[in-house]
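This report concerns only the one structure given below.
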Amino acid sequence: MSKIAVVPGSFDPITLGHLDVIRRAAAVFDEVHVLVVHNPGKSAMLPISERMALIQQSLDEDPETPDNVIVASWSVGLLVDYCTEVGASVLVKGIRSQLDVAYETPMVLMNRSLANVETVFMLPEPSHAHVSSTLVRQVSSLGGDVSPYVPEAVARFLATARPA
């Protein structure tokens, strides 16, 4: 029986920290679904379809990403409903600090209670631990160079999307 995991997030945009967690999850699980979810508490910079395209392009251009990764989206219903639909029993969450753990803990307990879905936390490489999509959006919007923090596909996209 294959072990399927879901790596959920808004990925607005995907960062090298996200990519690191996805790669490592793909090395542990038989199949990994990178799931772009709509977060009603956040104002998105990119539409879901664009985020999915950038994730797929980033994965395709990354020689270290195994071929057991699927990019999908979910915007209606609970995250555990998607897990049930695809047969996933594990969520993989990248965490950067104790603040992330505190934020994620109630959701971990609820997901386990609702659908017996476990959550695994993965720490990013230390060089990515301070990077968030929010910071990338802020730096990029002010004309800063975000190429050290995002996959090349995202850096190219942000460079062309920025008004001159």
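Just so we're on the same page: first chain in the structure tokens is A, next is B, and so on; residues restart at 1 for each chain, and ligands are numbered from 1 in the order they show up.
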
Show me a table, sorted first by chain and then by increasing residue number, of the residues of stretch 8-127 of chain A having an atom at most 10 Å from stretch 136-142 of chain A, each with its shortest atom pair and the distance in Å to one decimal, counting only C-alpha atoms and written as a Markdown table.
| residue | atom | partner | partner_atom | distance |
| --- | --- | --- | --- | --- |
| A:Asp12 | CA | A:Arg137 | CA | 8.0 |
| A:Pro13 | CA | A:Arg137 | CA | 7.7 |
| A:Ile14 | CA | A:Val136 | CA | 9.4 |
| A:Thr15 | CA | A:Val136 | CA | 8.1 |
| A:Ala44 | CA | A:Arg137 | CA | 9.9 |
| A:Met45 | CA | A:Arg137 | CA | 7.8 |

Selection from above, N, CA, C and O atoms, as a PDB file, in the first residue's frame, can you write it?
ATOM      1  N   ASP A  12       2.140  31.561  -2.378  1.00  0.00           N
ATOM      2  CA  ASP A  12       1.880  32.826  -3.076  1.00  0.00           C
ATOM      3  C   ASP A  12       3.035  33.805  -2.925  1.00  0.00           C
ATOM      4  O   ASP A  12       2.879  34.817  -2.237  1.00  0.00           O
ATOM      5  N   PRO A  13       4.199  33.549  -3.523  1.00  0.00           N
ATOM      6  CA  PRO A  13       4.573  32.450  -4.418  1.00  0.00           C
ATOM      7  C   PRO A  13       5.344  31.364  -3.669  1.00  0.00           C
ATOM      8  O   PRO A  13       5.681  31.518  -2.494  1.00  0.00           O
ATOM      9  N   ILE A  14       5.650  30.280  -4.394  1.00  0.00           N
ATOM     10  CA  ILE A  14       6.479  29.216  -3.839  1.00  0.00           C
ATOM     11  C   ILE A  14       7.886  29.770  -3.597  1.00  0.00           C
ATOM     12  O   ILE A  14       8.388  30.578  -4.378  1.00  0.00           O
ATOM     13  N   THR A  15       8.502  29.346  -2.491  1.00  0.00           N
ATOM     14  CA  THR A  15       9.858  29.779  -2.141  1.00  0.00           C
ATOM     15  C   THR A  15      10.802  28.574  -2.169  1.00  0.00           C
ATOM     16  O   THR A  15      10.353  27.428  -2.294  1.00  0.00           O
ATOM     17  N   ALA A  44      -4.475  37.253  -1.721  1.00  0.00           N
ATOM     18  CA  ALA A  44      -3.506  36.642  -2.629  1.00  0.00           C
ATOM     19  C   ALA A  44      -2.981  37.625  -3.661  1.00  0.00           C
ATOM     20  O   ALA A  44      -3.720  38.452  -4.187  1.00  0.00           O
ATOM     21  N   MET A  45      -1.688  37.508  -3.970  1.00  0.00           N
ATOM     22  CA  MET A  45      -1.069  38.284  -5.038  1.00  0.00           C
ATOM     23  C   MET A  45      -1.367  37.635  -6.386  1.00  0.00           C
ATOM     24  O   MET A  45      -1.650  38.304  -7.357  1.00  0.00           O
TER      25      MET A  45
END

List the spatial neighbours of A:Val37 as a list of chain:residue names - criterion: any atom at most 8 Å away, only C-alpha atoms, same-chain residues fewer than 6 positions off excluded.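 Counting only the stated atoms, we get A:Pro8, A:Gly9, A:Ser10, A:Ile48, A:Ser73, A:Trp74, A:Ser75.
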
Go ahead and dump the residues you just picked, all heavy atoms, as a PDB file, in the first residue's frame.
ATOM      1  N   PRO A   8       0.201  21.092   1.908  1.00  0.00           N
ATOM      2  CA  PRO A   8      -0.706  22.185   1.577  1.00  0.00           C
ATOM      3  C   PRO A   8      -0.075  23.547   1.823  1.00  0.00           C
ATOM      4  O   PRO A   8       0.846  23.689   2.634  1.00  0.00           O
ATOM      5  CB  PRO A   8      -1.861  21.953   2.551  1.00  0.00           C
ATOM      6  CG  PRO A   8      -1.177  21.406   3.773  1.00  0.00           C
ATOM      7  CD  PRO A   8      -0.016  20.580   3.252  1.00  0.00           C
ATOM      8  N   GLY A   9      -0.563  24.540   1.111  1.00  0.00           N
ATOM      9  CA  GLY A   9      -0.112  25.902   1.346  1.00  0.00           C
ATOM     10  C   GLY A   9      -0.726  26.843   0.343  1.00  0.00           C
ATOM     11  O   GLY A   9      -1.316  26.420  -0.647  1.00  0.00           O
ATOM     12  N   SER A  10      -0.558  28.135   0.607  1.00  0.00           N
ATOM     13  CA  SER A  10      -1.036  29.107  -0.373  1.00  0.00           C
ATOM     14  C   SER A  10       0.002  29.297  -1.472  1.00  0.00           C
ATOM     15  O   SER A  10      -0.342  29.635  -2.594  1.00  0.00           O
ATOM     16  CB  SER A  10      -1.403  30.434   0.296  1.00  0.00           C
ATOM     17  OG  SER A  10      -0.332  30.909   1.076  1.00  0.00           O
ATOM     18  N   ILE A  48      -4.846  31.283  -8.159  1.00  0.00           N
ATOM     19  CA  ILE A  48      -4.449  29.895  -7.901  1.00  0.00           C
ATOM     20  C   ILE A  48      -3.842  29.245  -9.137  1.00  0.00           C
ATOM     21  O   ILE A  48      -2.832  28.542  -9.046  1.00  0.00           O
ATOM     22  CB  ILE A  48      -5.642  29.080  -7.347  1.00  0.00           C
ATOM     23  CG1 ILE A  48      -5.916  29.510  -5.897  1.00  0.00           C
ATOM     24  CG2 ILE A  48      -5.368  27.586  -7.417  1.00  0.00           C
ATOM     25  CD1 ILE A  48      -7.111  28.862  -5.258  1.00  0.00           C
ATOM     26  N   SER A  73      -5.013  21.756  -6.671  1.00  0.00           N
ATOM     27  CA  SER A  73      -5.578  22.849  -5.873  1.00  0.00           C
ATOM     28  C   SER A  73      -6.865  22.374  -5.207  1.00  0.00           C
ATOM     29  O   SER A  73      -7.488  21.409  -5.642  1.00  0.00           O
ATOM     30  CB  SER A  73      -5.848  24.079  -6.740  1.00  0.00           C
ATOM     31  OG  SER A  73      -6.904  23.828  -7.641  1.00  0.00           O
ATOM     32  N   TRP A  74      -7.242  23.099  -4.163  1.00  0.00           N
ATOM     33  CA  TRP A  74      -8.444  22.773  -3.406  1.00  0.00           C
ATOM     34  C   TRP A  74      -8.969  24.068  -2.817  1.00  0.00           C
ATOM     35  O   TRP A  74      -8.261  24.740  -2.069  1.00  0.00           O
ATOM     36  CB  TRP A  74      -8.088  21.784  -2.293  1.00  0.00           C
ATOM     37  CG  TRP A  74      -9.249  21.204  -1.564  1.00  0.00           C
ATOM     38  CD1 TRP A  74      -9.668  21.547  -0.306  1.00  0.00           C
ATOM     39  CD2 TRP A  74     -10.115  20.156  -1.993  1.00  0.00           C
ATOM     40  NE1 TRP A  74     -10.741  20.785   0.047  1.00  0.00           N
ATOM     41  CE2 TRP A  74     -11.046  19.917  -0.973  1.00  0.00           C
ATOM     42  CE3 TRP A  74     -10.204  19.412  -3.159  1.00  0.00           C
ATOM     43  CZ2 TRP A  74     -12.031  18.952  -1.066  1.00  0.00           C
ATOM     44  CZ3 TRP A  74     -11.197  18.453  -3.252  1.00  0.00           C
ATOM     45  CH2 TRP A  74     -12.091  18.225  -2.221  1.00  0.00           C
ATOM     46  N   SER A  75     -10.173  24.450  -3.181  1.00  0.00           N
ATOM     47  CA  SER A  75     -10.688  25.716  -2.671  1.00  0.00           C
ATOM     48  C   SER A  75     -12.067  25.594  -2.036  1.00  0.00           C
ATOM     49  O   SER A  75     -12.589  26.569  -1.516  1.00  0.00           O
ATOM     50  CB  SER A  75     -10.721  26.763  -3.794  1.00  0.00           C
ATOM     51  OG  SER A  75     -11.505  26.318  -4.862  1.00  0.00           O
TER      52      SER A  75
END

Please identify all polymer residues within 10 Å of A:Pro124, counting only C-alpha atoms, omitting same-chain residues fewer than 6 positions from it, and present them as an mmCIF file with C-alpha atoms, in the first residue's frame.
data_model
loop_
_atom_site.group_PDB
_atom_site.id
_atom_site.type_symbol
_atom_site.label_atom_id
_atom_site.label_comp_id
_atom_site.auth_asym_id
_atom_site.auth_seq_id
_atom_site.Cartn_x
_atom_site.Cartn_y
_atom_site.Cartn_z
ATOM 1 C CA LEU A 16 13.053 27.749 -1.945
ATOM 2 C CA GLY A 17 11.990 26.763 1.582
ATOM 3 C CA HIS A 18 8.765 25.287 0.176
ATOM 4 C CA LEU A 19 10.724 23.501 -2.545
ATOM 5 C CA ASP A 20 13.108 22.059 0.049
ATOM 6 C CA VAL A 21 10.220 20.646 2.117
ATOM 7 C CA ILE A 22 8.515 19.232 -1.001
ATOM 8 C CA ARG A 24 12.304 15.945 1.296
ATOM 9 C CA GLY A 94 7.070 23.213 6.735
ATOM 10 C CA ILE A 95 7.674 25.165 9.918
ATOM 11 C CA ARG A 96 10.169 27.940 10.494
ATOM 12 C CA HIS A 130 13.612 33.252 7.656
ATOM 13 C CA VAL A 131 11.892 33.374 4.257
#

Find the spatial neighbours of A:Thr84, counting only C-alpha atoms, within a cut-off of 12 Å - ignore same-chain residues fewer than 2 positions away - and output them as a short mmCIF file (atom, residue, chain, number, x, y, z; two decimals) with C-alpha atoms, in the first residue's frame.
data_model
loop_
_atom_site.label_atom_id
_atom_site.label_comp_id
_atom_site.auth_asym_id
_atom_site.auth_seq_id
_atom_site.Cartn_x
_atom_site.Cartn_y
_atom_site.Cartn_z
CA ILE A 4 0.39 9.41 0.13
CA ALA A 5 1.15 12.79 1.70
CA VAL A 6 -0.22 16.25 1.04
CA GLY A 77 -14.36 22.15 1.67
CA LEU A 78 -11.93 20.96 4.27
CA LEU A 79 -8.32 20.05 3.64
CA VAL A 80 -9.01 16.61 5.10
CA ASP A 81 -11.74 16.13 2.47
CA TYR A 82 -9.03 16.37 -0.20
CA VAL A 86 -6.86 11.03 -2.81
CA GLY A 87 -6.18 8.48 -0.06
CA ALA A 88 -3.63 10.60 1.82
CA SER A 89 -3.13 9.89 5.51
CA VAL A 90 -0.42 12.47 6.17
CA LEU A 91 -0.08 16.24 5.88
CA ASN A 111 -7.45 17.20 11.24
CA LEU A 114 -11.98 14.83 11.78
CA ALA A 115 -10.34 12.30 9.46
CA ASN A 116 -7.50 10.51 11.26
CA VAL A 117 -4.99 12.46 9.16
#

I'd like to know which of A:Cys83, A:Ala155, A:Met52, A:Ile70 is closest to A:Gly143, using only C-alpha atoms.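 Closest candidate: A:Ala155.
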
So which bits of stretch 85-157 of chain A end up strand (DSSP E) when you DSSP the backbone, as a VMD selection string? chain A and resid 90 to 94 118 to 122

Please run DSSP on the backbone and report, as a VMD selection string, all residues within chain A that come out as alpha helix (DSSP H). chain A and resid 16 to 28 48 to 61 79 to 86 98 to 115 133 to 141 152 to 161

Quote the spacing between atom CA of A:Lys93 and atom CA of A:Phe121 in Å to one decimal place.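 Pair atom CA of A:Lys93 / atom CA of A:Phe121 returns 4.9 Å.
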